[in-house]
>>> print(open('entry.tsv').read())   # TSV, C-alpha atoms and all ligand atoms
chain	number	residue	atom	x	y	z
A	1	MET	CA	-8.07	-1.86	-18.73
A	2	MET	CA	-5.52	-3.76	-16.67
A	3	ILE	CA	-4.92	-1.46	-13.74
A	4	PHE	CA	-1.77	-2.02	-11.72
A	5	TYR	CA	-1.50	-0.50	-8.27
A	6	PHE	CA	1.99	-0.53	-6.77
A	7	SER	CA	2.16	-0.48	-3.01
A	8	PRO	CA	5.52	0.24	-1.34
A	9	HIS	CA	4.56	-1.48	1.92
A	10	GLN	CA	1.82	-3.62	3.39
A	11	ASP	CA	-0.90	-1.07	4.29
A	12	ASP	CA	-0.27	1.58	1.61
A	13	GLU	CA	-2.63	-0.25	-0.74
A	14	LEU	CA	-5.40	0.30	1.79
A	15	LEU	CA	-4.64	3.53	3.62
A	16	ASN	CA	-3.66	5.51	0.54
A	17	LEU	CA	-5.07	3.70	-2.46
A	18	GLY	CA	-7.98	1.69	-1.07
A	19	ALA	CA	-10.88	3.88	-2.15
A	20	ALA	CA	-9.46	4.07	-5.67
A	21	ILE	CA	-8.88	0.29	-5.83
A	22	CYS	CA	-12.46	-0.47	-4.78
A	23	ARG	CA	-13.87	1.95	-7.32
A	24	ASP	CA	-11.79	0.49	-10.16
A	25	ILE	CA	-12.83	-3.05	-9.24
A	26	ASP	CA	-16.48	-2.01	-9.21
A	27	ALA	CA	-16.08	-0.29	-12.57
A	28	GLY	CA	-15.24	-3.71	-14.01
A	29	HIS	CA	-11.52	-3.26	-14.59
A	30	GLN	CA	-8.95	-5.99	-14.08
A	31	VAL	CA	-7.20	-4.62	-11.00
A	32	PHE	CA	-3.85	-5.88	-9.72
A	33	CYS	CA	-2.00	-4.89	-6.59
A	34	VAL	CA	1.77	-5.37	-6.42
A	35	LEU	CA	3.72	-5.18	-3.18
A	36	CYS	CA	7.21	-3.74	-3.71
A	37	THR	CA	9.02	-4.42	-0.40
A	38	ASP	CA	8.97	-7.03	2.38
A	39	GLY	CA	7.86	-4.52	5.03
A	40	GLY	CA	10.51	-5.92	7.35
A	41	ALA	CA	11.78	-2.64	8.79
A	42	SER	CA	8.67	-1.60	10.70
A	43	GLY	CA	9.27	-0.62	14.32
A	44	ALA	CA	6.42	-2.98	15.16
A	45	ARG	CA	8.82	-5.93	14.91
A	46	ARG	CA	10.83	-4.70	17.88
A	47	LEU	CA	7.72	-3.63	19.74
A	48	LEU	CA	6.19	-7.09	19.39
A	49	GLY	CA	9.47	-8.73	20.39
A	50	ASP	CA	9.71	-6.66	23.57
A	51	GLY	CA	11.34	-3.54	22.23
A	52	GLY	CA	9.33	-1.32	24.53
A	53	VAL	CA	5.98	-0.58	26.06
A	54	CYS	CA	3.02	-1.01	23.74
A	55	HIS	CA	0.66	1.82	24.58
A	56	TRP	CA	-2.22	0.10	22.89
A	57	HIS	CA	-1.93	-3.02	25.03
A	58	GLY	CA	-0.53	-1.23	28.05
A	59	GLY	CA	2.50	-3.47	28.52
A	60	ARG	CA	5.27	-5.34	26.79
A	61	HIS	CA	5.01	-8.09	24.21
A	62	ALA	CA	7.13	-11.20	23.93
A	63	TYR	CA	6.68	-12.33	20.34
A	64	PRO	CA	10.18	-12.16	18.88
A	65	MET	CA	10.26	-12.70	15.12
A	66	ASP	CA	13.11	-12.56	12.65
A	67	VAL	CA	12.57	-10.42	9.57
A	68	PRO	CA	11.29	-13.22	7.30
A	69	ALA	CA	8.77	-14.38	9.92
A	70	PHE	CA	7.64	-10.82	10.58
A	71	SER	CA	7.39	-10.14	6.87
A	72	ALA	CA	5.24	-13.25	6.43
A	73	VAL	CA	2.83	-11.96	9.08
A	74	ARG	CA	2.63	-8.67	7.22
A	75	ASP	CA	2.15	-10.40	3.87
A	76	ARG	CA	-0.84	-12.21	5.28
A	77	GLU	CA	-2.34	-8.91	6.40
A	78	PHE	CA	-1.71	-7.47	2.93
A	79	THR	CA	-3.19	-10.45	1.10
A	80	GLU	CA	-6.32	-10.56	3.23
A	81	SER	CA	-6.75	-6.80	3.07
A	82	CYS	CA	-6.61	-6.98	-0.74
A	83	ARG	CA	-9.13	-9.85	-0.77
A	84	ARG	CA	-11.50	-7.90	1.39
A	85	MET	CA	-11.31	-4.95	-0.95
A	86	GLY	CA	-12.39	-7.35	-3.68
A	87	LEU	CA	-9.22	-8.42	-5.47
A	88	PRO	CA	-9.01	-12.01	-6.67
A	89	ASP	CA	-6.03	-13.98	-5.34
A	90	ASP	CA	-4.22	-14.12	-8.67
A	91	HIS	CA	-4.29	-10.31	-8.83
A	92	ILE	CA	-2.55	-9.92	-5.47
A	93	LEU	CA	1.12	-9.97	-6.33
A	94	LEU	CA	4.00	-10.38	-3.89
A	95	PRO	CA	7.08	-10.77	-6.09
A	96	ASP	CA	9.87	-12.99	-4.74
A	97	ASP	CA	12.44	-10.40	-5.71
A	98	ARG	CA	10.83	-7.42	-4.01
A	99	ALA	CA	13.16	-5.22	-1.97
A	100	GLY	CA	13.91	-5.18	1.72
A	101	ASP	CA	11.92	-2.50	3.50
A	102	GLY	CA	13.85	0.78	3.31
A	103	GLN	CA	16.11	-0.53	0.54
A	104	LEU	CA	13.94	-0.07	-2.51
A	105	THR	CA	15.75	1.77	-5.28
A	106	GLU	CA	14.16	3.39	-8.28
A	107	ASP	CA	15.77	0.79	-10.56
A	108	HIS	CA	14.53	-2.07	-8.45
A	109	ALA	CA	10.99	-0.67	-8.41
A	110	LEU	CA	11.11	-0.16	-12.16
A	111	ARG	CA	12.16	-3.78	-12.63
A	112	LEU	CA	9.23	-4.96	-10.51
A	113	MET	CA	6.88	-2.78	-12.54
A	114	ARG	CA	8.12	-3.95	-15.95
A	115	GLN	CA	7.89	-7.53	-14.75
A	116	ALA	CA	4.33	-7.10	-13.45
A	117	VAL	CA	2.89	-5.47	-16.56
A	118	SER	CA	4.85	-7.51	-19.14
A	119	ARG	CA	2.05	-10.01	-19.77
A	120	PHE	CA	-0.22	-7.38	-21.28
A	121	PRO	CA	-0.12	-5.04	-24.27
A	122	VAL	CA	1.06	-1.60	-23.21
A	123	GLU	CA	-2.09	0.12	-24.46
A	124	GLN	CA	-4.14	-1.90	-21.98
A	125	VAL	CA	-1.99	-1.12	-18.97
A	126	ALA	CA	-2.77	1.70	-16.54
A	127	VAL	CA	-0.45	2.27	-13.60
A	128	LYS	CA	-1.59	3.87	-10.38
A	129	THR	CA	0.59	4.61	-7.39
A	130	LEU	CA	1.84	7.26	-4.98
A	131	VAL	CA	3.16	10.57	-6.19
A	132	GLU	CA	6.69	11.76	-5.43
A	133	VAL	CA	6.58	14.34	-2.67
A	134	THR	CA	9.31	16.93	-2.36
A	135	TRP	CA	7.70	19.49	-0.09
A	136	ARG	CA	7.87	17.27	2.97
A	137	HIS	CA	9.86	14.24	4.03
A	138	GLN	CA	8.58	11.18	2.20
A	139	ASN	CA	9.41	7.59	3.01
A	140	PRO	CA	12.27	6.73	0.57
A	141	ASP	CA	10.55	3.53	-0.60
A	142	HIS	CA	7.52	5.63	-1.51
A	143	THR	CA	9.73	8.04	-3.46
A	144	ALA	CA	11.38	5.15	-5.28
A	145	VAL	CA	8.03	3.71	-6.35
A	146	ALA	CA	6.78	7.11	-7.48
A	147	ARG	CA	9.88	7.86	-9.55
A	148	ALA	CA	9.94	4.39	-11.08
A	149	ALA	CA	6.31	4.69	-12.14
A	150	LEU	CA	7.08	7.96	-13.87
A	151	ARG	CA	10.03	6.37	-15.66
A	152	LEU	CA	7.87	3.43	-16.73
A	153	TYR	CA	5.33	5.84	-18.14
A	154	ARG	CA	7.97	7.96	-19.90
A	155	GLU	CA	9.62	4.94	-21.47
A	156	GLY	CA	6.25	3.89	-22.87
A	157	GLY	CA	5.74	0.96	-20.50
A	158	CYS	CA	2.13	1.85	-19.70
A	159	ALA	CA	-0.70	3.75	-21.35
A	160	SER	CA	-1.40	6.04	-18.42
A	161	LEU	CA	-0.17	6.92	-14.96
A	162	THR	CA	-2.32	8.16	-12.10
A	163	GLU	CA	-0.50	9.51	-9.06
A	164	TYR	CA	-2.05	9.63	-5.61
A	165	LEU	CA	-1.13	11.77	-2.67
A	166	GLU	CA	-0.59	9.75	0.47
A	167	THR	CA	-2.87	10.75	3.30
A	168	ILE	CA	-0.19	11.66	5.84
A	169	LEU	CA	1.36	14.12	3.38
A	170	TYR	CA	-1.93	15.88	2.70
A	171	PRO	CA	-2.41	18.76	2.08
A	172	ALA	CA	-0.24	19.39	-0.96
A	173	PRO	CA	1.05	22.91	-1.63
A	174	GLU	CA	-1.48	25.25	-3.18
A	175	GLU	CA	0.17	25.12	-6.59
A	176	LEU	CA	-0.44	21.35	-6.67
A	177	PRO	CA	-4.16	21.07	-6.04
A	178	VAL	CA	-5.74	17.67	-5.54
A	179	MET	CA	-7.32	16.82	-8.84
A	180	GLU	CA	-9.90	14.40	-7.55
A	181	THR	CA	-10.97	13.19	-4.14
A	182	ILE	CA	-12.25	9.63	-4.31
A	183	LEU	CA	-14.82	8.84	-1.66
A	184	PRO	CA	-16.12	5.30	-1.30
A	185	THR	CA	-19.78	4.39	-1.67
A	186	PRO	CA	-21.37	2.94	1.50
A	187	ALA	CA	-20.74	-0.61	0.22
A	188	GLN	CA	-17.14	0.19	-0.66
A	189	ARG	CA	-16.69	1.83	2.71
A	190	GLN	CA	-17.73	-1.41	4.37
A	191	ARG	CA	-15.19	-3.37	2.34
A	192	LEU	CA	-12.47	-0.88	3.27
A	193	LEU	CA	-13.33	-1.07	6.95
A	194	ASN	CA	-13.35	-4.87	6.76
A	195	ALA	CA	-9.92	-4.72	5.14
A	196	ALA	CA	-8.65	-2.37	7.86
A	197	GLU	CA	-9.88	-4.79	10.49
A	198	ILE	CA	-7.36	-7.35	9.23
A	199	TYR	CA	-4.49	-4.97	9.98
A	200	CYS	CA	-5.88	-4.38	13.47
A	201	ARG	CA	-6.63	-7.97	14.41
A	202	TRP	CA	-4.92	-9.06	17.63
A	203	GLN	CA	-4.97	-12.85	17.93
A	204	PRO	CA	-1.40	-13.84	18.81
A	205	GLU	CA	-2.33	-17.52	19.12
A	206	GLU	CA	-3.29	-17.37	15.43
A	207	GLU	CA	-0.13	-15.42	14.56
A	208	ARG	CA	-2.19	-12.33	13.92
A	209	PHE	CA	-0.25	-9.51	15.50
A	210	ALA	CA	-2.03	-6.42	14.17
A	211	VAL	CA	1.26	-5.27	12.63
A	212	GLY	CA	-0.49	-2.57	10.64
A	213	PHE	CA	-2.02	-1.03	13.72
A	214	HIS	CA	1.16	-1.42	15.79
A	215	SER	CA	3.09	0.35	13.01
A	216	VAL	CA	0.82	3.29	12.21
A	217	ALA	CA	-2.00	3.37	14.75
A	218	ASP	CA	-2.87	7.00	14.06
A	219	GLU	CA	-3.30	6.33	10.37
A	220	PHE	CA	-5.66	3.44	11.01
A	221	ILE	CA	-7.67	5.47	13.49
A	222	ALA	CA	-7.99	8.25	10.90
A	223	PHE	CA	-8.85	5.72	8.19
A	224	ARG	CA	-11.78	4.38	10.19
A	225	GLU	CA	-13.24	7.89	10.07
A	226	GLU	CA	-12.45	8.68	6.48
A	227	GLN	CA	-11.41	6.39	3.60
A	228	ILE	CA	-10.21	8.73	0.89
A	229	SER	CA	-7.86	8.43	-2.07
A	230	ARG	CA	-6.58	11.67	-3.54
A	231	VAL	CA	-5.53	11.93	-7.16
A	232	LEU	CA	-2.82	14.48	-7.71
A	233	THR	CA	-2.03	13.92	-11.39
A	234	VAL	CA	-3.22	11.87	-14.34
A	235	ARG	CA	-0.81	11.45	-17.21
A	301	ZN	ZN	4.53	2.80	3.08
A	302	ZN	ZN	0.52	-4.15	21.38
>>> encode(input="entry.tsv", output="C-alpha cells")
Amino acid sequence: MMIFYFSPHQDDELLNLGAAICRDIDAGHQVFCVLCTDGGASGARRLLGDGGVCHWHGGRHAYPMDVPAFSAVRDREFTESCRRMGLPDDHILLPDDRAGDGQLTEDHALRLMRQAVSRFPVEQVAVKTLVEVTWRHQNPDHTAVARAALRLYREGGCASLTEYLETILYPAPEELPVMETILPTPAQRQRLLNAAEIYCRWQPEEERFAVGFHSVADEFIAFREEQISRVLTVR
C-alpha cells in the first residue's frame, strides 16, 4: 500500500503519528508524510525573538525571524525528524501551497490531500491522520485535516482511512474507545527518540533553535517517556 500520513504542523507527525509511521515503514509499505501548514504561528517565534523569558534557557533570546525564516527552521526539523523515523526524502512532502499556520480550511486540506495521492490508483492509497475531536478544544488546523480526510475517504479518494487520537486529547470519552494502541519496538523507539532529538536541538549558530521543544516542551518531555500512537477508527 501507499500510506499517506497528513501532519497539520511540524511535530504532529512525530508526537502523534510517529509510532504508527515507524511500524508501517517496517512492514514494508510505501509511507509518505505530508505537511499541511507552514507552522508559522507558533509562540516560539516570539519567544526566540525576545517575546519573553524562556524558562528552559532561563533568560531571553534575541533571534528575531520573520515567518518565512521561522517556517524554514521548522521545516528542517520536520524533514530531519521524518528521515530519522525512516522515511526517504522523496516521501517527505512539503507542498508549496500548504496553508499558513492557523489558516488551514477543510477545502484547502482536501486539495492538498487529493494532490498528494493523485499519482496512485485509489485502491492502493491508505490515508492516516488525526481524528476530529469534538469533546475538547482541538487545534482548528487539526480539525480541518481530520474533516478533509473523511471527505476524501467518502468521495472515494482513498481505499481506507485510519484516524488517530492526538496524545494531548487522550483519553477519549468512554463511548469512543481507543481501538489500538501502537507501541514501538525497541529499535523503533530509538528512531523515535532520535527524531525527537532534532526538535530539541539547541545550536543557534547552526540555525537550530529547538522550535519543537520551545513550542510544546511538555509534549516532548512526555514523548521521551512514552512514544504511542492511538488508533481511534479504521474505515
Ligand atoms: Zn499540530
Ligand atoms: Zn529557550
>>> residues_around(input="entry.tsv", residues="Ala62 of chain A", least_positions_apart="4", cutoff="10 Å", atoms="only C-alpha atoms", output="compact mmCIF listing (two decimals) with C-alpha atoms, in the frame of the given file")
# COMPACT_ATOMS: atom_id res chain seq x y z
CA ARG A 46 10.83 -4.70 17.88
CA LEU A 47 7.72 -3.63 19.74
CA LEU A 48 6.19 -7.09 19.39
CA GLY A 49 9.47 -8.73 20.39
CA ASP A 50 9.71 -6.66 23.57
CA GLY A 51 11.34 -3.54 22.23
>>> closest_residue(input="entry.tsv", among="A:Phe120, A:Trp202, A:Phe4, A:Phe223", to="ligand ZN 302 (chain A)", atoms="only C-alpha atoms and all ligand atoms")
A:Trp202
>>> closest_atom_pairs(input="entry.tsv", of="chain A", to="ligand ZN 301 (chain A)", cutoff="6 Å", atoms="only C-alpha atoms and all ligand atoms", output="CSV")
residue,atom,partner,partner_atom,distance
A:Pro8,CA,A:ZN301,ZN,5.2
A:His9,CA,A:ZN301,ZN,4.4
A:Asp12,CA,A:ZN301,ZN,5.2
>>> closest_atom_pairs(input="entry.tsv", of="chain A", to="ligand ZN 302 (chain A)", cutoff="12 Å", atoms="all atoms listed in the file", output="CSV")
residue,atom,partner,partner_atom,distance
A:Gly43,CA,A:ZN302,ZN,11.8
A:Ala44,CA,A:ZN302,ZN,8.7
A:Arg45,CA,A:ZN302,ZN,10.7
A:Arg46,CA,A:ZN302,ZN,10.9
A:Leu47,CA,A:ZN302,ZN,7.4
A:Leu48,CA,A:ZN302,ZN,6.7
A:Gly49,CA,A:ZN302,ZN,10.1
A:Asp50,CA,A:ZN302,ZN,9.8
A:Gly51,CA,A:ZN302,ZN,10.9
A:Gly52,CA,A:ZN302,ZN,9.8
A:Val53,CA,A:ZN302,ZN,8.0
A:Cys54,CA,A:ZN302,ZN,4.7
A:His55,CA,A:ZN302,ZN,6.8
A:Trp56,CA,A:ZN302,ZN,5.3
A:His57,CA,A:ZN302,ZN,4.5
A:Gly58,CA,A:ZN302,ZN,7.4
A:Gly59,CA,A:ZN302,ZN,7.4
A:Arg60,CA,A:ZN302,ZN,7.3
A:His61,CA,A:ZN302,ZN,6.6
A:Ala62,CA,A:ZN302,ZN,10.0
A:Tyr63,CA,A:ZN302,ZN,10.3
A:Cys200,CA,A:ZN302,ZN,10.2
A:Arg201,CA,A:ZN302,ZN,10.7
A:Trp202,CA,A:ZN302,ZN,8.2
A:Gln203,CA,A:ZN302,ZN,10.9
A:Pro204,CA,A:ZN302,ZN,10.2
A:Arg208,CA,A:ZN302,ZN,11.4
A:Phe209,CA,A:ZN302,ZN,8.0
A:Ala210,CA,A:ZN302,ZN,8.0
A:Val211,CA,A:ZN302,ZN,8.9
A:Gly212,CA,A:ZN302,ZN,10.9
A:Phe213,CA,A:ZN302,ZN,8.7
A:His214,CA,A:ZN302,ZN,6.3
A:Ser215,CA,A:ZN302,ZN,9.8
A:Val216,CA,A:ZN302,ZN,11.8
A:Ala217,CA,A:ZN302,ZN,10.3
>>> residues_around(input="entry.tsv", residues="segment 122-136 of chain A", least_positions_apart="3", cutoff="7 Å", atoms="all atoms listed in the file", output="MDAnalysis selection string")
chainID A and resid 1:7 117 142:143 146:147 157:166
>>> atom_distance(input="entry.tsv", atom1="atom CA of Glu175 of chain A", atom2="atom CA of Val231 of chain A")
14.4 Å
>>> residues_around(input="entry.tsv", residues="Asp38 of chain A", least_positions_apart="2", cutoff="10 Å", atoms="only C-alpha atoms", output="list in words")
Pro8, His9, Gln10, Leu35, Cys36, Gly40, Ala41, Ser42, Val67, Pro68, Phe70, Ser71, Ala72, Arg74, Asp75, Leu94, Pro95, Asp96, Asp97, Arg98, Ala99, Gly100, Asp101, Gly102, Gln103 and Leu104 of chain A
>>> closest_residue(input="entry.tsv", among="A:Leu110, A:Ala116, A:Leu169, A:Val178", to="Ala144 of chain A", atoms="all atoms listed in the file")
A:Leu110
>>> atom_distance(input="entry.tsv", atom1="atom CA of Ala149 of chain A", atom2="atom CA of Ala27 of chain A")
22.9 Å
>>> closest_residue(input="entry.tsv", among="A:Pro171, A:Gly18, A:Gly28, A:Pro177", to="Arg84 of chain A", atoms="all atoms listed in the file")
A:Gly18
>>> atom_distance(input="entry.tsv", atom1="atom CA of Ile25 of chain A", atom2="atom CA of Glu180 of chain A")
17.8 Å
>>> residues_around(input="entry.tsv", residues="Arg224 of chain A", least_positions_apart="4", cutoff="8 Å", atoms="all atoms listed in the file", output="PyMOL selection string")
chain A and resi 193+196+220
>>> residues_near_point(input="entry.tsv", point="(5.8, 13.0, -15.6)", cutoff="7 Å", atoms="only C-alpha atoms", output="MDAnalysis selection string")
chainID A and resid 150 154 235
>>> axis_aligned_box(input="entry.tsv", around="segment 32-47 of chain A", padding_each_side="3 Å", output="JSON")
{"center_x": 4.0, "center_y": -3.8, "center_z": 5.0, "size_x": 21.6, "size_y": 12.4, "size_z": 35.5}
>>> closest_residue(input="entry.tsv", among="A:Thr233, A:Thr105, A:Thr79, A:Asn194", to="Thr181 of chain A", atoms="all atoms listed in the file")
A:Thr233
>>> closest_residue(input="entry.tsv", among="A:Met65, A:Phe78, A:Leu112, A:Asn16", to="Tyr170 of chain A", atoms="all atoms listed in the file")
A:Asn16
>>> build_atoms(input="entry.tsv", residues="segment 50-82 of chain A", atoms="N, CA and C atoms", output="compact mmCIF listing (two decimals), in the frame of the given file")
# COMPACT_ATOMS: atom_id res chain seq x y z
N ASP A 50 9.31 -7.31 22.33
CA ASP A 50 9.71 -6.66 23.57
C ASP A 50 10.76 -5.58 23.34
N GLY A 51 10.47 -4.69 22.43
CA GLY A 51 11.34 -3.54 22.23
C GLY A 51 10.86 -2.34 23.01
N GLY A 52 9.83 -2.47 23.77
CA GLY A 52 9.33 -1.32 24.53
C GLY A 52 7.88 -1.51 24.92
N VAL A 53 7.35 -0.49 25.57
CA VAL A 53 5.98 -0.58 26.06
C VAL A 53 5.01 -0.32 24.90
N CYS A 54 4.07 -1.21 24.74
CA CYS A 54 3.02 -1.01 23.74
C CYS A 54 1.89 -0.24 24.41
N HIS A 55 1.67 0.99 23.92
CA HIS A 55 0.66 1.82 24.58
C HIS A 55 -0.75 1.32 24.31
N TRP A 56 -0.91 0.66 23.21
CA TRP A 56 -2.22 0.10 22.89
C TRP A 56 -2.58 -1.00 23.90
N HIS A 57 -1.64 -1.90 24.13
CA HIS A 57 -1.93 -3.02 25.03
C HIS A 57 -1.50 -2.76 26.47
N GLY A 58 -0.90 -1.60 26.69
CA GLY A 58 -0.53 -1.23 28.05
C GLY A 58 0.47 -2.17 28.70
N GLY A 59 1.48 -2.59 27.94
CA GLY A 59 2.50 -3.47 28.52
C GLY A 59 3.50 -3.86 27.46
N ARG A 60 4.26 -4.89 27.75
CA ARG A 60 5.27 -5.34 26.79
C ARG A 60 4.82 -6.63 26.14
N HIS A 61 5.31 -6.85 24.92
CA HIS A 61 5.01 -8.09 24.21
C HIS A 61 6.23 -8.98 24.23
N ALA A 62 6.02 -10.25 24.02
CA ALA A 62 7.13 -11.20 23.93
C ALA A 62 6.89 -12.14 22.76
N TYR A 63 6.86 -11.54 21.56
CA TYR A 63 6.68 -12.33 20.34
C TYR A 63 7.83 -12.04 19.39
N PRO A 64 9.03 -12.46 19.75
CA PRO A 64 10.18 -12.16 18.88
C PRO A 64 10.04 -12.87 17.53
N MET A 65 10.31 -12.13 16.48
CA MET A 65 10.26 -12.70 15.12
C MET A 65 11.47 -12.19 14.34
N ASP A 66 12.08 -13.07 13.55
CA ASP A 66 13.11 -12.56 12.65
C ASP A 66 12.40 -11.87 11.47
N VAL A 67 13.19 -11.21 10.64
CA VAL A 67 12.57 -10.42 9.57
C VAL A 67 11.69 -11.27 8.65
N PRO A 68 12.17 -12.44 8.19
CA PRO A 68 11.29 -13.22 7.30
C PRO A 68 9.97 -13.62 7.96
N ALA A 69 10.01 -13.98 9.23
CA ALA A 69 8.77 -14.38 9.92
C ALA A 69 7.84 -13.18 10.06
N PHE A 70 8.42 -12.05 10.42
CA PHE A 70 7.64 -10.82 10.58
C PHE A 70 7.03 -10.41 9.24
N SER A 71 7.84 -10.50 8.21
CA SER A 71 7.39 -10.14 6.87
C SER A 71 6.23 -11.04 6.43
N ALA A 72 6.31 -12.32 6.79
CA ALA A 72 5.24 -13.25 6.43
C ALA A 72 3.93 -12.87 7.12
N VAL A 73 4.03 -12.41 8.36
CA VAL A 73 2.83 -11.96 9.08
C VAL A 73 2.24 -10.75 8.36
N ARG A 74 3.11 -9.86 7.93
CA ARG A 74 2.63 -8.67 7.22
C ARG A 74 2.04 -9.02 5.85
N ASP A 75 2.66 -9.99 5.19
CA ASP A 75 2.15 -10.40 3.87
C ASP A 75 0.73 -10.96 3.99
N ARG A 76 0.50 -11.66 5.07
CA ARG A 76 -0.84 -12.21 5.28
C ARG A 76 -1.84 -11.08 5.47
N GLU A 77 -1.45 -10.07 6.22
CA GLU A 77 -2.34 -8.91 6.40
C GLU A 77 -2.62 -8.26 5.04
N PHE A 78 -1.56 -8.11 4.25
CA PHE A 78 -1.71 -7.47 2.93
C PHE A 78 -2.66 -8.28 2.04
N THR A 79 -2.40 -9.58 1.98
CA THR A 79 -3.19 -10.45 1.10
C THR A 79 -4.67 -10.42 1.50
N GLU A 80 -4.92 -10.53 2.79
CA GLU A 80 -6.32 -10.56 3.23
C GLU A 80 -6.98 -9.19 3.09
N SER A 81 -6.21 -8.14 3.28
CA SER A 81 -6.75 -6.80 3.07
C SER A 81 -7.16 -6.63 1.60
N CYS A 82 -6.30 -7.08 0.69
CA CYS A 82 -6.61 -6.98 -0.74
C CYS A 82 -7.86 -7.80 -1.07
